[in-house]
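Peer 1: Below is final31.txt; it holds compact mmCIF, C-alpha atoms and all ligand atoms.
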# COMPACT_ATOMS: atom_id res chain seq x y z
CA MET N 1 -189.46 183.89 171.65
CA PRO N 2 -193.07 182.88 172.34
CA GLY N 3 -194.80 181.45 169.29
CA ASP N 4 -197.88 183.63 169.61
CA LEU N 5 -195.69 186.75 169.79
CA ALA N 6 -193.90 185.73 166.59
CA ALA N 7 -197.25 185.18 164.90
CA GLU N 8 -198.58 188.53 166.07
CA ILE N 9 -195.46 190.35 164.82
CA ALA N 10 -195.87 188.72 161.42
CA ARG N 11 -199.53 189.69 161.28
CA VAL N 12 -199.19 193.29 162.47
CA THR N 13 -196.11 194.19 160.41
CA SER N 14 -197.84 192.83 157.32
CA VAL N 15 -200.84 195.06 157.97
CA ALA N 16 -198.58 197.99 158.87
CA GLN N 17 -196.67 197.85 155.59
CA GLY N 18 -199.86 198.41 153.60
CA LYS N 19 -201.01 201.18 155.91
CA TRP N 20 -197.60 202.84 155.71
CA ALA N 21 -197.72 202.96 151.89
CA GLN N 22 -201.15 204.60 152.10
CA ALA N 23 -200.10 207.02 154.87
CA ARG N 24 -197.02 208.05 152.92
CA ARG N 25 -199.12 208.68 149.82
CA GLU N 26 -201.64 210.74 151.78
CA GLU N 27 -199.06 212.44 154.06
CA ASP N 28 -201.06 211.15 157.03
CA LEU N 29 -198.60 210.50 159.84
CA ALA N 30 -201.20 210.91 162.57
CA GLY N 31 -203.36 208.19 161.03
CA PHE N 32 -200.37 205.83 160.89
CA LEU N 33 -199.03 206.32 164.42
CA PRO N 34 -201.46 203.87 166.12
CA VAL N 35 -200.36 200.90 164.01
CA LEU N 36 -196.71 201.97 164.25
CA GLY N 37 -197.19 202.01 168.01
CA GLN N 38 -198.38 198.40 167.85
CA VAL N 39 -195.28 197.43 165.85
CA VAL N 40 -192.98 199.16 168.34
CA ASP N 41 -194.72 197.52 171.28
CA LEU N 42 -194.43 194.04 169.75
CA ARG N 43 -190.76 194.45 168.88
CA ARG N 44 -190.08 195.67 172.41
CA GLN N 45 -191.76 192.54 173.74
CA GLU N 46 -189.57 190.50 171.42
CA ALA N 47 -186.47 192.36 172.61
CA GLN N 48 -187.39 191.62 176.22
CA ALA N 49 -187.86 187.94 175.41
CA LEU N 50 -184.47 187.78 173.67
CA SER N 51 -182.38 190.00 175.94
CA GLY N 52 -182.99 188.20 179.23
CA GLY N 53 -183.04 191.51 181.10
CA GLY N 54 -180.30 193.10 179.00
CA ASP N 55 -180.53 196.08 176.67
CA ALA N 56 -183.63 195.89 174.47
CA TYR N 57 -182.06 197.71 171.51
CA ASP N 58 -179.01 195.45 171.56
CA ALA N 59 -181.27 192.42 171.34
CA LEU N 60 -182.81 193.71 168.11
CA LEU N 61 -179.49 194.93 166.67
CA ASP N 62 -178.09 191.44 167.19
CA GLY N 63 -180.45 190.13 164.54
CA TYR N 64 -178.68 192.20 161.87
CA GLU N 65 -175.14 192.72 163.19
CA PRO N 66 -174.30 189.97 165.69
CA GLY N 67 -171.84 190.88 168.42
CA LEU N 68 -172.18 194.66 168.26
CA THR N 69 -173.96 196.83 170.86
CA GLY N 70 -175.86 200.08 170.61
CA ALA N 71 -173.34 201.70 172.96
CA GLU N 72 -170.47 200.78 170.64
CA ILE N 73 -172.31 202.20 167.65
CA ALA N 74 -173.19 205.38 169.56
CA ALA N 75 -169.51 205.86 170.42
CA LEU N 76 -168.50 205.17 166.80
CA PHE N 77 -171.02 207.68 165.47
CA ASP N 78 -169.95 210.27 168.05
CA ARG N 79 -166.42 210.00 166.69
CA MET N 80 -167.58 210.23 163.05
CA ARG N 81 -170.10 213.03 163.32
CA PRO N 82 -167.85 216.07 163.88
CA ARG N 83 -165.53 215.26 160.96
CA ILE N 84 -168.41 214.49 158.60
CA ARG N 85 -170.25 217.65 159.56
CA ALA N 86 -167.09 219.75 159.13
CA LEU N 87 -166.36 218.21 155.73
CA ARG N 88 -169.97 218.71 154.68
CA GLU N 89 -169.78 222.39 155.64
CA ALA N 90 -166.60 222.83 153.62
CA VAL N 91 -167.99 221.09 150.53
CA MET N 92 -171.28 222.99 150.70
CA GLY N 93 -169.30 226.23 150.82
CA ALA N 94 -167.32 225.37 147.67
CA ALA N 95 -168.44 225.83 144.07
CA PRO N 96 -171.13 223.22 143.36
CA ALA N 97 -170.40 220.21 141.18
CA PRO N 98 -171.76 220.29 137.63
CA ARG N 99 -174.88 218.26 136.91
CA LEU N 100 -175.28 215.73 134.16
CA THR N 101 -178.35 216.67 132.11
CA GLY N 102 -179.92 215.37 128.95
CA HIS N 103 -181.96 212.43 127.67
CA PHE N 104 -180.48 208.96 128.13
CA PRO N 105 -182.51 206.22 126.41
CA LYS N 106 -183.49 203.32 128.62
CA ALA N 107 -182.17 200.54 126.39
CA ARG N 108 -178.71 202.13 126.30
CA GLN N 109 -178.67 202.63 130.06
CA LEU N 110 -179.51 198.97 130.59
CA ALA N 111 -176.88 197.85 128.09
CA LEU N 112 -174.17 199.91 129.80
CA ALA N 113 -175.35 198.77 133.24
CA GLU N 114 -174.99 195.14 132.16
CA GLU N 115 -171.54 195.80 130.71
CA ILE N 116 -170.43 197.34 134.02
CA ALA N 117 -172.08 194.58 136.05
CA ARG N 118 -170.00 192.04 134.12
CA ALA N 119 -166.86 194.15 134.57
CA PHE N 120 -167.55 194.06 138.31
CA GLY N 121 -167.66 190.28 138.22
CA TYR N 122 -171.39 189.60 138.24
CA ASP N 123 -171.94 186.07 136.90
CA LEU N 124 -175.07 186.23 134.75
CA ASP N 125 -175.04 182.45 134.36
CA ARG N 126 -176.00 182.37 138.05
CA GLY N 127 -178.04 185.55 138.15
CA ARG N 128 -180.14 188.00 136.17
CA ILE N 129 -180.94 191.72 136.08
CA ASP N 130 -184.52 192.98 136.12
CA GLU N 131 -186.21 196.30 136.81
CA ALA N 132 -187.95 197.28 140.05
CA VAL N 133 -189.08 200.48 141.77
CA HIS N 134 -186.45 200.00 144.49
CA PRO N 135 -183.25 198.19 143.48
CA PHE N 136 -182.40 195.10 145.55
CA SER N 137 -180.55 191.81 145.37
CA SER N 138 -181.87 188.47 146.49
CA GLY N 139 -180.90 184.83 146.63
CA SER N 140 -177.68 183.03 147.40
CA PHE N 141 -175.30 180.40 146.08
CA ASN N 142 -176.08 179.66 142.41
CA ASP N 143 -179.15 181.89 142.03
CA VAL N 144 -178.40 185.50 142.97
CA ARG N 145 -180.58 188.07 141.19
CA ILE N 146 -180.51 191.85 141.17
CA THR N 147 -182.83 194.64 140.08
CA THR N 148 -182.17 198.16 138.91
CA ARG N 149 -184.27 201.18 137.95
CA VAL N 150 -184.12 203.53 135.01
CA ASP N 151 -184.80 207.27 134.83
CA GLU N 152 -184.14 208.59 131.34
CA THR N 153 -182.98 211.94 132.74
CA ASP N 154 -180.54 210.40 135.27
CA PRO N 155 -178.32 207.58 133.99
CA LEU N 156 -176.13 207.67 137.11
CA GLY N 157 -179.01 206.33 139.23
CA CYS N 158 -179.29 203.22 137.08
CA LEU N 159 -175.55 202.65 136.74
CA TYR N 160 -174.59 203.16 140.38
CA SER N 161 -177.53 201.29 141.88
CA THR N 162 -176.62 198.40 139.57
CA ILE N 163 -173.01 198.44 140.78
CA HIS N 164 -174.25 198.60 144.39
CA GLU N 165 -176.42 195.53 143.95
CA VAL N 166 -173.61 193.74 142.08
CA GLY N 167 -171.55 194.21 145.26
CA HIS N 168 -174.21 192.40 147.29
CA ALA N 169 -174.61 189.74 144.62
CA GLY N 170 -170.86 189.28 144.15
CA TYR N 171 -170.49 188.53 147.86
CA GLU N 172 -173.10 185.77 147.64
CA GLN N 173 -171.81 184.38 144.35
CA ASN N 174 -168.19 184.24 145.53
CA ILE N 175 -168.74 182.31 148.76
CA ASP N 176 -166.80 179.06 148.80
CA GLN N 177 -168.89 176.49 146.93
CA ALA N 178 -168.17 173.98 149.71
CA TYR N 179 -170.32 176.14 152.03
CA GLY N 180 -173.26 176.12 149.62
CA LEU N 181 -176.65 175.49 151.25
CA THR N 182 -175.05 175.33 154.72
CA ALA N 183 -175.30 177.88 157.55
CA LEU N 184 -171.94 179.34 156.40
CA GLY N 185 -173.10 179.78 152.83
CA GLN N 186 -174.35 183.36 153.04
CA GLY N 187 -173.11 186.84 153.92
CA VAL N 188 -172.30 187.06 157.62
CA SER N 189 -174.17 190.26 158.54
CA MET N 190 -176.00 193.21 157.06
CA GLY N 191 -173.01 195.46 157.81
CA VAL N 192 -170.47 193.24 156.05
CA HIS N 193 -172.90 192.82 153.16
CA GLU N 194 -173.23 196.57 152.85
CA SER N 195 -169.44 196.95 152.95
CA GLN N 196 -169.22 195.00 149.71
CA SER N 197 -171.94 196.98 147.92
CA ARG N 198 -170.45 200.26 149.15
CA ILE N 199 -166.86 199.56 148.20
CA TYR N 200 -167.93 198.48 144.69
CA GLU N 201 -170.18 201.52 144.29
CA ASN N 202 -168.21 204.24 146.07
CA GLN N 203 -164.52 203.57 146.65
CA LEU N 204 -164.07 201.77 143.31
CA ALA N 205 -166.75 203.00 140.88
CA ARG N 206 -166.97 206.61 142.10
CA SER N 207 -163.17 206.99 142.12
CA PRO N 208 -161.97 209.68 139.71
CA ALA N 209 -159.92 207.01 137.91
CA PHE N 210 -162.93 204.81 137.18
CA CYS N 211 -165.05 207.85 136.36
CA ALA N 212 -162.53 208.74 133.65
CA TRP N 213 -163.10 205.37 131.99
CA LEU N 214 -166.86 205.57 132.50
CA TYR N 215 -166.93 209.03 130.93
CA GLY N 216 -165.60 207.51 127.70
CA ARG N 217 -168.15 204.70 127.74
CA MET N 218 -170.94 207.22 128.44
CA VAL N 219 -169.91 209.23 125.38
CA ASP N 220 -169.81 206.01 123.31
CA HIS N 221 -173.37 205.13 124.40
CA PHE N 222 -175.03 208.53 124.62
CA GLY N 223 -172.99 210.94 122.52
CA PRO N 224 -171.54 214.22 123.83
CA LEU N 225 -172.39 214.89 127.49
CA SER N 226 -173.39 218.09 129.28
CA VAL N 227 -170.20 217.98 131.36
CA SER N 228 -166.96 219.19 129.83
CA GLY N 229 -164.70 216.17 130.35
CA PRO N 230 -163.69 213.32 132.65
CA GLU N 231 -162.80 215.61 135.59
CA ASP N 232 -166.16 217.37 135.45
CA PHE N 233 -167.87 214.01 135.08
CA ALA N 234 -166.14 212.74 138.26
CA ARG N 235 -167.37 215.85 140.08
CA ALA N 236 -170.92 215.25 138.80
CA VAL N 237 -170.77 211.62 139.96
CA ASN N 238 -169.60 212.83 143.39
CA GLY N 239 -172.01 215.74 143.72
CA VAL N 240 -172.97 216.72 147.28
CA ALA N 241 -176.39 218.18 148.05
CA ALA N 242 -178.59 218.29 151.14
CA GLY N 243 -181.71 216.27 150.39
CA TYR N 244 -184.54 214.72 152.35
CA ILE N 245 -184.34 211.19 151.04
CA ARG N 246 -181.82 208.71 152.45
CA THR N 247 -181.73 206.43 149.41
CA GLU N 248 -180.75 209.37 147.17
CA ALA N 249 -178.07 210.73 149.51
CA ASP N 250 -174.41 211.27 148.63
CA GLU N 251 -171.56 209.67 150.59
CA LEU N 252 -171.40 212.51 153.12
CA HIS N 253 -175.07 213.05 153.85
CA TYR N 254 -175.82 209.34 153.91
CA ASN N 255 -174.16 208.80 157.26
CA LEU N 256 -175.97 211.79 158.75
CA HIS N 257 -179.27 210.20 157.68
CA ILE N 258 -178.30 207.00 159.48
CA MET N 259 -177.09 208.71 162.67
CA LEU N 260 -180.42 210.52 162.96
CA ARG N 261 -182.40 207.29 162.59
CA PHE N 262 -180.14 205.34 164.95
CA ASP N 263 -180.41 207.88 167.77
CA LEU N 264 -184.19 208.11 167.46
CA GLU N 265 -184.93 204.39 167.17
CA ARG N 266 -182.58 203.50 170.01
CA ALA N 267 -184.24 206.08 172.28
CA LEU N 268 -187.66 204.81 171.23
CA ILE N 269 -186.93 201.13 171.88
CA ARG N 270 -185.21 201.91 175.20
CA GLY N 271 -188.25 203.95 176.29
CA ASP N 272 -186.44 207.31 176.30
CA LEU N 273 -188.54 208.83 173.51
CA ALA N 274 -192.31 208.63 173.07
CA LEU N 275 -193.66 207.81 169.63
CA ALA N 276 -195.79 210.97 169.73
CA GLU N 277 -192.60 213.05 170.02
CA MET N 278 -190.77 211.28 167.24
CA GLU N 279 -191.76 213.51 164.32
CA ALA N 280 -190.70 216.70 166.12
CA ALA N 281 -187.44 215.05 167.17
CA TRP N 282 -186.81 213.95 163.58
CA ASN N 283 -187.57 217.35 162.08
CA ASP N 284 -185.48 219.27 164.63
CA ARG N 285 -182.49 217.02 164.13
CA PHE N 286 -182.87 217.11 160.37
CA ALA N 287 -182.91 220.90 160.29
CA ALA N 288 -179.80 221.02 162.48
CA ASP N 289 -177.82 218.49 160.40
CA PHE N 290 -179.03 219.25 156.87
CA GLY N 291 -179.94 222.92 157.05
CA ILE N 292 -183.33 222.39 155.39
CA THR N 293 -186.80 222.03 156.87
CA VAL N 294 -188.98 218.95 156.51
CA ALA N 295 -192.35 220.08 155.13
CA ARG N 296 -194.15 216.73 154.70
CA PRO N 297 -194.02 213.35 156.47
CA SER N 298 -192.97 211.62 153.23
CA GLN N 299 -189.80 213.78 153.34
CA GLY N 300 -189.29 212.83 156.98
CA MET N 301 -190.16 209.93 159.19
CA LEU N 302 -192.58 208.27 156.74
CA GLN N 303 -190.00 207.92 153.97
CA ASP N 304 -188.52 204.52 154.87
CA VAL N 305 -190.26 201.15 155.07
CA HIS N 306 -187.98 199.88 157.87
CA TRP N 307 -189.84 201.05 160.98
CA PRO N 308 -193.31 200.20 159.63
CA VAL N 309 -192.23 196.57 159.12
CA GLY N 310 -190.46 196.46 162.49
CA LEU N 311 -186.83 196.64 161.36
CA PHE N 312 -185.52 198.44 164.45
CA GLY N 313 -181.76 197.97 164.75
CA TYR N 314 -181.25 197.68 161.01
CA PHE N 315 -180.37 201.27 160.05
CA PRO N 316 -176.91 201.46 161.67
CA THR N 317 -175.72 198.53 159.53
CA TYR N 318 -175.69 200.86 156.51
CA SER N 319 -173.11 203.16 158.09
CA LEU N 320 -171.24 200.19 159.51
CA GLY N 321 -171.00 199.02 155.92
CA ASN N 322 -169.41 202.36 155.03
CA VAL N 323 -166.95 202.05 157.93
CA TYR N 324 -166.03 198.48 156.99
CA ALA N 325 -165.68 199.51 153.34
CA GLY N 326 -163.29 202.26 154.44
CA CYS N 327 -161.14 199.71 156.31
CA LEU N 328 -161.12 197.28 153.38
CA HIS N 329 -160.34 200.02 150.88
CA ALA N 330 -157.32 201.27 152.83
CA ALA N 331 -155.91 197.74 153.13
CA LEU N 332 -156.64 196.91 149.51
CA ARG N 333 -154.93 200.06 148.24
CA ALA N 334 -151.85 199.27 150.33
CA ASP N 335 -151.71 195.76 148.84
CA LEU N 336 -152.42 196.80 145.24
CA PRO N 337 -150.15 199.63 144.07
CA GLY N 338 -151.17 201.19 140.76
CA LEU N 339 -154.83 200.27 141.18
CA ASP N 340 -155.92 203.60 139.70
CA ASP N 341 -154.28 202.60 136.40
CA ASP N 342 -156.49 199.49 136.34
CA LEU N 343 -159.60 201.47 137.21
CA ALA N 344 -158.83 204.08 134.58
CA SER N 345 -159.01 201.28 131.99
CA GLY N 346 -162.31 199.98 133.40
CA ASP N 347 -160.74 196.96 135.05
CA PRO N 348 -161.45 196.48 138.78
CA SER N 349 -160.49 192.77 138.68
CA ARG N 350 -157.46 192.98 141.01
CA ALA N 351 -159.55 194.75 143.64
CA LEU N 352 -162.37 192.24 143.19
CA ALA N 353 -159.98 189.30 143.60
CA TRP N 354 -158.65 190.89 146.81
CA LEU N 355 -162.19 191.23 148.18
CA ARG N 356 -163.13 187.73 147.04
CA ASP N 357 -160.14 186.09 148.72
CA GLY N 358 -160.13 188.30 151.82
CA VAL N 359 -163.83 188.55 152.56
CA GLN N 360 -166.33 187.01 150.20
CA THR N 361 -165.17 183.42 149.89
CA HIS N 362 -165.38 182.98 153.68
CA GLY N 363 -169.13 183.60 153.86
CA GLY N 364 -170.36 183.23 157.43
CA LEU N 365 -167.21 181.55 158.74
CA ARG N 366 -166.18 184.36 161.12
CA PRO N 367 -168.22 186.90 163.12
CA PRO N 368 -168.71 190.24 161.31
CA ARG N 369 -165.87 192.27 162.83
CA ASP N 370 -163.49 189.30 162.67
CA THR N 371 -164.35 188.97 158.98
CA ILE N 372 -163.15 192.53 158.31
CA GLU N 373 -160.13 192.29 160.62
CA HIS N 374 -159.07 189.00 159.04
CA ALA N 375 -159.08 190.69 155.62
CA THR N 376 -157.33 193.91 156.66
CA GLY N 377 -155.03 192.74 159.48
CA SER N 378 -156.13 195.75 161.56
CA PRO N 379 -158.87 196.53 164.10
CA VAL N 380 -162.04 198.06 162.68
CA SER N 381 -161.91 201.85 162.87
CA GLU N 382 -163.80 204.79 161.41
CA ALA N 383 -160.53 206.58 160.58
CA PRO N 384 -159.90 205.07 157.12
CA LEU N 385 -163.40 206.01 155.94
CA LEU N 386 -163.07 209.58 157.19
CA ASP N 387 -159.56 209.93 155.74
CA TYR N 388 -160.83 208.65 152.38
CA LEU N 389 -163.80 211.04 152.35
CA GLU N 390 -161.69 214.04 153.28
CA ALA N 391 -159.04 213.24 150.66
CA LYS N 392 -161.54 212.57 147.88
CA TYR N 393 -163.78 215.57 148.43
CA SER N 394 -160.86 217.92 149.07
CA ALA N 395 -159.41 216.99 145.70
CA LEU N 396 -162.73 217.12 143.83
CA TYR N 397 -163.90 220.38 145.38
CA GLY N 398 -160.52 222.13 145.68
CA LEU N 399 -160.84 222.51 149.47
ZN ZN N 401 -177.13 197.73 149.98
Would you write out, as structure tokens, the structure that this file holds?

Peer 2:
Amino acid sequence: MPGDLAAEIARVTSVAQGKWAQARREEDLAGFLPVLGQVVDLRRQEAQALSGGGDAYDALLDGYEPGLTGAEIAALFDRMRPRIRALREAVMGAAPAPRLTGHFPKARQLALAEEIARAFGYDLDRGRIDEAVHPFSSGSFNDVRITTRVDETDPLGCLYSTIHEVGHAGYEQNIDQAYGLTALGQGVSMGVHESQSRIYENQLARSPAFCAWLYGRMVDHFGPLSVSGPEDFARAVNGVAAGYIRTEADELHYNLHIMLRFDLERALIRGDLALAEMEAAWNDRFAADFGITVARPSQGMLQDVHWPVGLFGYFPTYSLGNVYAGCLHAALRADLPGLDDDLASGDPSRALAWLRDGVQTHGGLRPPRDTIEHATGSPVSEAPLLDYLEAKYSALYGL
């Protein structure tokens, strides 16, 4: 990687991030495309430097998920897409889930979020919770901090984004102390990292069993709710709706968001799609997959910060995290009979110990896929995730 190229990427992506924020505010995609073109060109130069004549997209992907290729991800997504689309159609055709409405004071949301963070093993002696516009986690070893956000009309956003970030933070906090401050002392890849946040947030905390416990705590904190009981609350927590914004998507639509981005960015980096054609490609694909029409760039290809700052190859790691979480969840359930009884009393500790011993403590010891296969004893496959989604939504929506 030539030094002057690295310096130029740092300079241009820094400029591009500011211009992206402005372009998104002003819905000015045309004004942003020139600088985005510079970012794409620089990252393609980097990919050529790193790939030694190999696939440019794979070279970038390797920075986030070592050992995996774009072709493998394309094949994985091709297998996932029909079942997710079919399940989505079925759920969208069923009676919609109830919505949680009302006013939920900020201080009570934060108090309940901290209680749940502790229940999910977050060590506040080696971390802290603050507020930010976009929730994130940062740090490693003995200083792992998270942020959350509060909307007084939507307590689920605060609670579930907190649990998500606790999954990331728990991974870092639970790595073997002997690896601290060494190359092994951090999460092994973005995909494995996301598997921890997703399994905490979705397979554990959005399970009907845990929702039943959470319903009781919600009533304790906020008084009577707009939903009629624990079953309705679980349906509200697992509501499915087509929406434009990836970060607000449910478990079904989320993967469709990622597949769209992966196909477009891979074609772009490989030179099969021109930047000028990207918006039309995005909007066509979005209409086909989501059934709604993008009306503004901020609903479409300007919504995410990733491309403006040059993170090509990053998006698929989110869905990989879902796939890995599906594998881990199937293995964990087989090893831990009666787990729903624990979750129904607000206690995920047996599941957390399983994840800590199987995945988290090992940090960067094994390559990403080996990390998952070591924990589960089986090859990585999309089947457990799809089976889990079909079973959960069929039960919740009476399919
Ligand atoms: Zn995450």

Peer 1: Considering all atoms listed in the file, state which residue in the set N:Pro135, N:Pro208, N:Gly377, N:Pro155 is at the smallest distance from ligand ZN 401 (chain N).

Peer 2: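 Of N:Pro135, N:Pro208, N:Gly377, N:Pro155, the one nearest ligand ZN 401 (chain N) is N:Pro135, counting all atoms listed in the file.
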
Peer 1: Which value, in Å to one decimal, gives the distance between atom CA of Ala344 of chain N and atom CA of His362 of chain N?

Peer 2: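 For atom CA of Ala344 of chain N relative to atom CA of His362 of chain N, the distance reads 29.2 Å.
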
Peer 1: Might I get the box with edges along x, y and z of the file that holds all atoms of segment 381-388 of chain N listed there, padded by 4 Å on every side, given as centre and edge lengths in Å to one decimal, as JSON?

Peer 2:
{"center_x": -161.7, "center_y": 205.9, "center_z": 157.6, "size_x": 12.2, "size_y": 16.1, "size_z": 18.5}

Peer 1: Looking at all atoms listed in the file, which of N:Phe104, N:Phe77, N:Phe290, N:Phe120 is the one that sits closest to Ala383 of chain N?

Peer 2: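 Ranking N:Phe104, N:Phe77, N:Phe290, N:Phe120 by distance to Ala383 of chain N, first place goes to N:Phe77.
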
Peer 1: Identify, on the basis of all atoms listed in the file, every residue whose closest approach to Ser378 of chain N does not exceed 10 Å; exclude the query and any residue fewer than 3 positions from it along the same chain; express the result as number ranges by chain.

Peer 2: N: 327-328, 331, 370, 372-375, 381

Peer 1: Which chains and residue numbers are within 7 Å of ligand ZN 401 (chain N), counting all atoms listed in the file, if I want them as a list in words?

Peer 2: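 Selection of residues at most 7 Å from ligand ZN 401 (chain N): His164, Glu165, His168, Glu194 and Ser197 of chain N.
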
Peer 1: Would you compute the distance between atom CA of Asp340 of chain N and atom CA of Glu231 of chain N? Give it in Å to one decimal.

Peer 2: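 Between these atoms lies a distance of 14.4 Å.
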
Peer 1: Between atom CA of Ala353 of chain N and atom CA of Glu248 of chain N, what is the distance in Å, rounded to a tenth?

Peer 2: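 Spanning atom CA of Ala353 of chain N to atom CA of Glu248 of chain N is a straight-line distance of 29.1 Å.
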
Peer 1: So which residues touch segment 72-75 of chain N within 9 Å, counting all atoms listed in the file, skipping near sequence neighbours fewer than 3 positions away, as a list in words?

Peer 2: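 Near neighbours after the sequence-gap exclusion: Leu68, Thr69, Asp78, Arg79, Met80, Met259, Phe262, Asp263, Pro316 and Leu320 of chain N.
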
Peer 1: Leaving out Val227 of chain N and any residue of its chain fewer than 2 positions from it, which residues lie within 9 Å of it when counting all atoms listed in the file, given as a ChimeraX atom specification?

Peer 2: /N:98-101,224-225,229-233,236

Peer 1: Pick out the residues sitting within 12 Å of segment 143-147 of chain N, and hand them over as a PyMOL selection string; count all atoms listed in the file, and ignore anything fewer than 2 positions along from it in its own chain.

Peer 2: chain N and resi 110+113-114+117+122-141+149-150+158-175+180-181+186

Peer 1: Determine the nearest neighbour of Ala288 of chain N from the options N:Arg369, N:Arg350, N:His103, N:Arg85, counting all atoms listed in the file.

Peer 2: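 Checking each of N:Arg369, N:Arg350, N:His103, N:Arg85 against Ala288 of chain N, counting all atoms listed in the file, the winner is N:Arg85.
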
Peer 1: Measuring atom to atom with only C-alpha atoms, identify which of N:Val380, N:Leu365, N:Leu33, N:Leu386 is nearest to Ala183 of chain N.

Peer 2: N:Leu365

Peer 1: Between N:Glu152, N:Phe315, N:His193, N:Leu396, which is the closest to Lys106 of chain N once you count only C-alpha atoms?

Peer 2: N:Glu152

Peer 1: Name the residues in contact with Pro82 of chain N at a cut-off of 12 Å, using only C-alpha atoms, excluding same-chain residues fewer than 5 positions from it; report them as a compact mmCIF listing (two decimals) with C-alpha atoms, keeping the file's coordinate frame.

Peer 2:
# COMPACT_ATOMS: atom_id res chain seq x y z
CA LEU N 76 -168.50 205.17 166.80
CA PHE N 77 -171.02 207.68 165.47
CA LEU N 87 -166.36 218.21 155.73
CA ARG N 88 -169.97 218.71 154.68
CA GLU N 89 -169.78 222.39 155.64
CA LEU N 252 -171.40 212.51 153.12
CA ASN N 255 -174.16 208.80 157.26
CA LEU N 256 -175.97 211.79 158.75
CA MET N 259 -177.09 208.71 162.67
CA ASP N 289 -177.82 218.49 160.40
CA LEU N 386 -163.07 209.58 157.19

Peer 1: Between N:Ile84, N:Ile269, N:Leu343, N:Ala351, which is the closest to Asp387 of chain N once you count only C-alpha atoms?

Peer 2: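 Using only C-alpha atoms, the shortest distance to Asp387 of chain N belongs to N:Ile84.
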
Peer 1: For a quick check of your reading of the model, name the residues lying within 12 Å of the coordinate (-199.9, 212.9, 159.5), counting all atoms listed in the file, and write them as a list in words.

Peer 2: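 Checked against the point, the hits come out as Trp20, Gln22, Ala23, Arg24, Arg25, Glu26, Glu27, Asp28, Leu29, Ala30, Gly31, Phe32, Leu33, Pro34, Ala276, Glu279, Ala280, Ala295, Arg296, Pro297, Ser298, Gln299, Gly300, Met301 and Leu302 of chain N.
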